[in-house]
Amino acid sequence: MRRLIRMAAPATLLAVIILAMSCATTGPGGQKSFILVSTEQEISIGQQMDQQVRGSEKILADTAWQNYVNDVGRKIVSTTERSDLPFQFAVIESDQVNAFATPGGYVYFYTGILRTCDKEAELVAVMAHEISHVVARHGVKRLQTVMGAEIVLSLALGGKSEMTQSLAETALGIVMQGYSRSQENEADNFGVTYMTRSGYDPNGTILMFEKLVQSGDGGTAGIFESLTSSHPDTQDRINKTKAEIAAMKPLPAGLSMDSQRYQQLRKRLPAAAKASATP
Ligand SMILES: [Zn+2]
């Protein structure tokens, strides 16, 4: 009898753990998804990825800019369904027109994309998009798909350091490769909701996308993490976003498109290394 109980215990424990882990909020209105990686583990993976990023990229040595992205970033985060996650934002000195986020809420912006954003709401659109990938747990979901749920679960139940190291290595590759088209569309969609909730004009998203169309490649090359062919066509993103904004009307009064603080900071951005730099 005692032996039976002993044998049953791990299976019961496993069932409890799976149940506890498996249902997580992943979007506005309390959307749920099947997630095996706990928030604590996700943060550990993010911390490890952050160390890798900081080891290989040059962080912009300007406290005013670092404070700014954290102030605005956290303001947006506070309106999301994962406002409890300790997000960290950082500016990387690089001409790439890009931004990306890791699981656990580490978000990075290249100076190349900051130079492209003439108005604050354009940068807020990029921020809200990246934050949305984290809220929707897109990185974690792709980890589960790429590694297989069984492997993720066994790593999650195994030693903590072994788990995070293995997952973090795979996760960085996934984030740099970009997400699926449907995940990109979802991040655009959530981003517009979050930036409006935060008091910013969601039309900043349209301005940002239109700039990409004008950038000379027809807007088909991606920004936001990815240069892969799976990235949605920019014109399609514009159409979908316009439709979403139209459906939200009337928009709240007093939404902000720009700020003095942002314009002051723009003057402090380091010059591009190459005048003709392209992403
Ligand atoms: Zn994206």
# chains A, B, ... in the order shown; residues from 1 in each chain; ligands from 1
>>> residues_near_ligand(ligand="ligand 1", cutoff="12 Å", atoms="only C-alpha atoms and all ligand atoms", output="MDAnalysis selection string")
chainID A and resid 98:102 107 125:134 136:139 174:191 222:228 230:232 234 237
>>> residues_around(residues="Ser259 in chain A", least_positions_apart="5", cutoff="12 Å", atoms="only C-alpha atoms", output="PDB file with C-alpha atoms, in the first residue's frame")
ATOM      1  CA  TYR A  68      13.108  57.147 -21.086  1.00  0.00           C
ATOM      2  CA  VAL A  72       7.424  54.744 -21.370  1.00  0.00           C
ATOM      3  CA  ASP A 118      10.165  61.108 -35.982  1.00  0.00           C
ATOM      4  CA  LYS A 119       7.277  61.201 -33.510  1.00  0.00           C
ATOM      5  CA  GLU A 120       6.976  59.580 -30.108  1.00  0.00           C
ATOM      6  CA  ALA A 121       3.855  57.588 -31.039  1.00  0.00           C
ATOM      7  CA  GLU A 122       5.889  55.819 -33.762  1.00  0.00           C
ATOM      8  CA  LEU A 123       8.358  54.534 -31.185  1.00  0.00           C
ATOM      9  CA  VAL A 124       5.514  53.711 -28.789  1.00  0.00           C
ATOM     10  CA  TYR A 200      -0.942  57.273 -27.176  1.00  0.00           C
ATOM     11  CA  ASP A 201      -2.431  57.756 -30.632  1.00  0.00           C
ATOM     12  CA  GLN A 264      14.769  66.627 -26.767  1.00  0.00           C
ATOM     13  CA  LEU A 265      16.101  63.071 -26.568  1.00  0.00           C
ATOM     14  CA  ARG A 266      16.155  62.702 -30.343  1.00  0.00           C
TER      15      ARG A 266
END
>>> closest_atom_pairs(of="range 106-186 of chain A", to="range 38-54 of chain A", cutoff="7 Å", atoms="only C-alpha atoms", output="tab-separated table")
residue	atom	partner	partner_atom	distance
A:Tyr106	CA	A:Gly46	CA	6.4
A:Thr164	CA	A:Ile45	CA	5.1
A:Leu167	CA	A:Ile45	CA	6.6
A:Ala168	CA	A:Ile45	CA	5.0
A:Leu172	CA	A:Met49	CA	6.4
>>> atom_distance(atom1="CA of Val37 in chain A", atom2="CA of Val140 in chain A")
7.1 Å
>>> residues_around(residues="Pro202 in chain A", least_positions_apart="3", cutoff="6 Å", atoms="only C-alpha atoms", output="list of chain:residue names")
A:Val192, A:Thr196, A:Thr205
>>> residues_around(residues="Ser33 in chain A", least_positions_apart="5", cutoff="10 Å", atoms="only C-alpha atoms", output="number ranges by chain")
A: 22-27, 136-137, 141
>>> write_last_selection(atoms="C-alpha atoms", output="mmCIF file, in the first residue's frame")
data_model
loop_
_atom_site.group_PDB
_atom_site.id
_atom_site.type_symbol
_atom_site.label_atom_id
_atom_site.label_comp_id
_atom_site.auth_asym_id
_atom_site.auth_seq_id
_atom_site.Cartn_x
_atom_site.Cartn_y
_atom_site.Cartn_z
ATOM 1 C CA SER A 22 -0.661 24.844 -18.559
ATOM 2 C CA CYS A 23 -3.214 27.635 -18.553
ATOM 3 C CA ALA A 24 -1.755 31.107 -18.869
ATOM 4 C CA THR A 25 -3.166 34.489 -19.871
ATOM 5 C CA THR A 26 -1.793 35.522 -23.250
ATOM 6 C CA GLY A 27 -3.691 38.585 -24.384
ATOM 7 C CA ALA A 136 1.236 36.672 -25.744
ATOM 8 C CA ARG A 137 4.203 34.467 -24.718
ATOM 9 C CA LYS A 141 5.145 29.072 -27.445
#
>>> atom_distance(atom1="CA of Asn239 in chain A", atom2="CA of Tyr108 in chain A")
26.6 Å
>>> residues_around(residues="Arg268 in chain A", least_positions_apart="2", cutoff="12 Å", atoms="only C-alpha atoms", output="VMD selection string")
chain A and resid 60 to 65 111 114 to 115 261 to 266 270 to 271
>>> atom_distance(atom1="CA of Ile113 in chain A", atom2="CA of Val97 in chain A")
4.2 Å
>>> select_by_dssp(residues="range 6-241 of chain A", states="alpha helix (DSSP H)", output="PyMOL selection string")
chain A and resi 6-22+39-56+63-77+111-116+120-135+138-147+149-157+160-177+181-197+203-214+234-241
>>> write_last_selection(atoms="C-alpha atoms", output="compact mmCIF listing (two decimals), in the first residue's frame")
# COMPACT_ATOMS: atom_id res chain seq x y z
CA ARG A 6 4.92 6.27 -3.26
CA MET A 7 4.55 5.24 -6.88
CA ALA A 8 1.41 7.27 -7.38
CA ALA A 9 2.83 10.42 -5.85
CA PRO A 10 5.12 11.47 -8.70
CA ALA A 11 2.35 10.95 -11.27
CA THR A 12 -0.09 12.98 -9.18
CA LEU A 13 2.51 15.66 -8.64
CA LEU A 14 3.19 15.75 -12.36
CA ALA A 15 -0.52 16.16 -13.10
CA VAL A 16 -0.77 19.01 -10.59
CA ILE A 17 2.29 20.71 -12.05
CA ILE A 18 1.00 20.36 -15.62
CA LEU A 19 -2.37 21.79 -14.59
CA ALA A 20 -0.74 24.67 -12.73
CA MET A 21 1.55 25.50 -15.63
CA SER A 22 -0.66 24.84 -18.56
CA THR A 39 6.51 32.73 -15.32
CA GLU A 40 9.44 32.24 -12.93
CA GLN A 41 11.22 30.00 -15.44
CA GLU A 42 10.41 32.42 -18.25
CA ILE A 43 12.06 35.26 -16.28
CA SER A 44 15.16 33.09 -15.72
CA ILE A 45 15.36 32.38 -19.46
CA GLY A 46 15.04 36.13 -20.15
CA GLN A 47 17.79 36.98 -17.64
CA GLN A 48 20.14 34.53 -19.30
CA MET A 49 19.32 35.88 -22.77
CA ASP A 50 19.87 39.44 -21.49
CA GLN A 51 23.38 38.47 -20.39
CA GLN A 52 24.06 37.07 -23.85
CA VAL A 53 22.72 40.23 -25.55
CA ARG A 54 24.71 42.55 -23.26
CA GLY A 55 27.83 40.46 -23.91
CA SER A 56 27.57 40.84 -27.66
CA THR A 63 21.17 57.32 -19.01
CA ALA A 64 18.52 59.77 -20.24
CA TRP A 65 17.63 57.46 -23.13
CA GLN A 66 17.73 54.30 -20.97
CA ASN A 67 15.47 55.97 -18.37
CA TYR A 68 13.11 57.15 -21.09
CA VAL A 69 12.54 53.72 -22.69
CA ASN A 70 11.99 52.24 -19.22
CA ASP A 71 9.52 55.00 -18.20
CA VAL A 72 7.42 54.74 -21.37
CA GLY A 73 7.81 50.97 -21.62
CA ARG A 74 6.56 50.38 -18.07
CA LYS A 75 3.67 52.78 -18.63
CA ILE A 76 2.53 50.59 -21.53
CA VAL A 77 3.18 47.37 -19.56
CA THR A 111 19.45 53.49 -32.26
CA GLY A 112 18.75 52.86 -35.98
CA ILE A 113 15.04 52.43 -35.28
CA LEU A 114 14.98 55.40 -32.85
CA ARG A 115 16.35 57.62 -35.63
CA THR A 116 13.52 56.42 -37.90
CA GLU A 120 6.98 59.58 -30.11
CA ALA A 121 3.86 57.59 -31.04
CA GLU A 122 5.89 55.82 -33.76
CA LEU A 123 8.36 54.53 -31.19
CA VAL A 124 5.51 53.71 -28.79
CA ALA A 125 4.01 51.58 -31.59
CA VAL A 126 7.26 49.60 -31.79
CA MET A 127 7.37 49.29 -27.98
CA ALA A 128 3.76 48.13 -27.75
CA HIS A 129 4.37 45.57 -30.51
CA GLU A 130 7.39 44.12 -28.69
CA ILE A 131 5.62 44.11 -25.32
CA SER A 132 2.73 42.26 -27.00
CA HIS A 133 5.05 39.42 -28.06
CA VAL A 134 5.91 38.95 -24.38
CA VAL A 135 2.30 39.26 -23.15
CA HIS A 138 5.13 34.03 -28.39
CA GLY A 139 8.76 33.17 -27.55
CA VAL A 140 7.71 30.51 -25.05
CA LYS A 141 5.14 29.07 -27.45
CA ARG A 142 7.75 28.79 -30.19
CA LEU A 143 10.13 27.14 -27.73
CA GLN A 144 7.46 24.53 -27.02
CA THR A 145 6.93 23.98 -30.75
CA VAL A 146 10.60 23.87 -31.72
CA MET A 147 11.84 21.75 -28.79
CA ALA A 149 6.40 19.99 -25.27
CA GLU A 150 7.85 16.82 -23.73
CA ILE A 151 11.41 18.14 -23.73
CA VAL A 152 10.33 21.54 -22.40
CA LEU A 153 8.33 19.84 -19.64
CA SER A 154 11.17 17.51 -18.62
CA LEU A 155 13.60 20.45 -18.61
CA ALA A 156 11.12 22.49 -16.61
CA LEU A 157 10.87 19.70 -14.04
CA LYS A 160 16.75 24.90 -12.78
CA SER A 161 20.11 26.00 -14.14
CA GLU A 162 20.21 23.16 -16.66
CA MET A 163 16.72 24.08 -17.82
CA THR A 164 17.28 27.82 -18.24
CA GLN A 165 20.63 27.42 -19.98
CA SER A 166 19.27 24.98 -22.52
CA LEU A 167 16.07 26.95 -23.15
CA ALA A 168 17.82 30.35 -23.26
CA GLU A 169 20.23 29.20 -25.97
CA THR A 170 17.39 27.99 -28.15
CA ALA A 171 15.20 30.99 -27.33
CA LEU A 172 17.74 33.57 -28.51
CA GLY A 173 17.91 31.85 -31.89
CA ILE A 174 14.12 31.85 -32.11
CA VAL A 175 13.77 35.56 -31.23
CA MET A 176 16.44 36.59 -33.73
CA GLN A 177 14.79 34.48 -36.46
CA ARG A 181 3.09 35.64 -39.58
CA SER A 182 0.07 35.05 -37.35
CA GLN A 183 2.12 35.94 -34.25
CA GLU A 184 3.28 39.17 -35.94
CA ASN A 185 -0.31 40.05 -36.76
CA GLU A 186 -1.32 39.28 -33.18
CA ALA A 187 1.46 41.53 -31.80
CA ASP A 188 0.35 44.35 -34.13
CA ASN A 189 -3.23 43.87 -32.99
CA PHE A 190 -2.49 43.80 -29.24
CA GLY A 191 0.01 46.66 -29.63
CA VAL A 192 -2.66 49.03 -30.99
CA THR A 193 -4.90 48.17 -28.02
CA TYR A 194 -2.13 48.71 -25.45
CA MET A 195 -0.86 51.99 -26.89
CA THR A 196 -4.39 53.40 -26.91
CA ARG A 197 -4.92 52.25 -23.30
CA ASN A 203 -2.14 56.08 -35.72
CA GLY A 204 1.56 56.21 -34.81
CA THR A 205 1.59 52.55 -35.91
CA ILE A 206 0.38 53.51 -39.40
CA LEU A 207 3.05 56.26 -39.66
CA MET A 208 5.71 53.72 -38.69
CA PHE A 209 4.56 51.13 -41.22
CA GLU A 210 4.24 53.70 -44.04
CA LYS A 211 7.82 54.72 -43.42
CA LEU A 212 8.84 51.13 -44.05
CA VAL A 213 6.94 51.03 -47.33
CA GLN A 214 8.78 54.20 -48.41
CA THR A 234 3.79 45.75 -44.58
CA GLN A 235 0.85 46.87 -46.73
CA ASP A 236 -1.21 44.05 -45.27
CA ARG A 237 -0.20 45.16 -41.76
CA ILE A 238 -1.26 48.74 -42.58
CA ASN A 239 -4.67 47.58 -43.83
CA LYS A 240 -5.30 45.36 -40.80
CA THR A 241 -4.19 48.08 -38.35
>>> closest_residue(among="A:Phe109, A:Pro103, A:Ala253, A:Gly29", to="Glu81 in chain A", atoms="only C-alpha atoms")
A:Gly29
>>> select_by_dssp(residues="range 47-194 of chain A", states="strand (DSSP E)", output="ChimeraX atom specification")
/A:88-92,99-102,106-110
>>> closest_residue(among="A:Gln31, A:Gln88, A:Ser94, A:Thr79", to="Gly199 in chain A", atoms="only C-alpha atoms")
A:Thr79
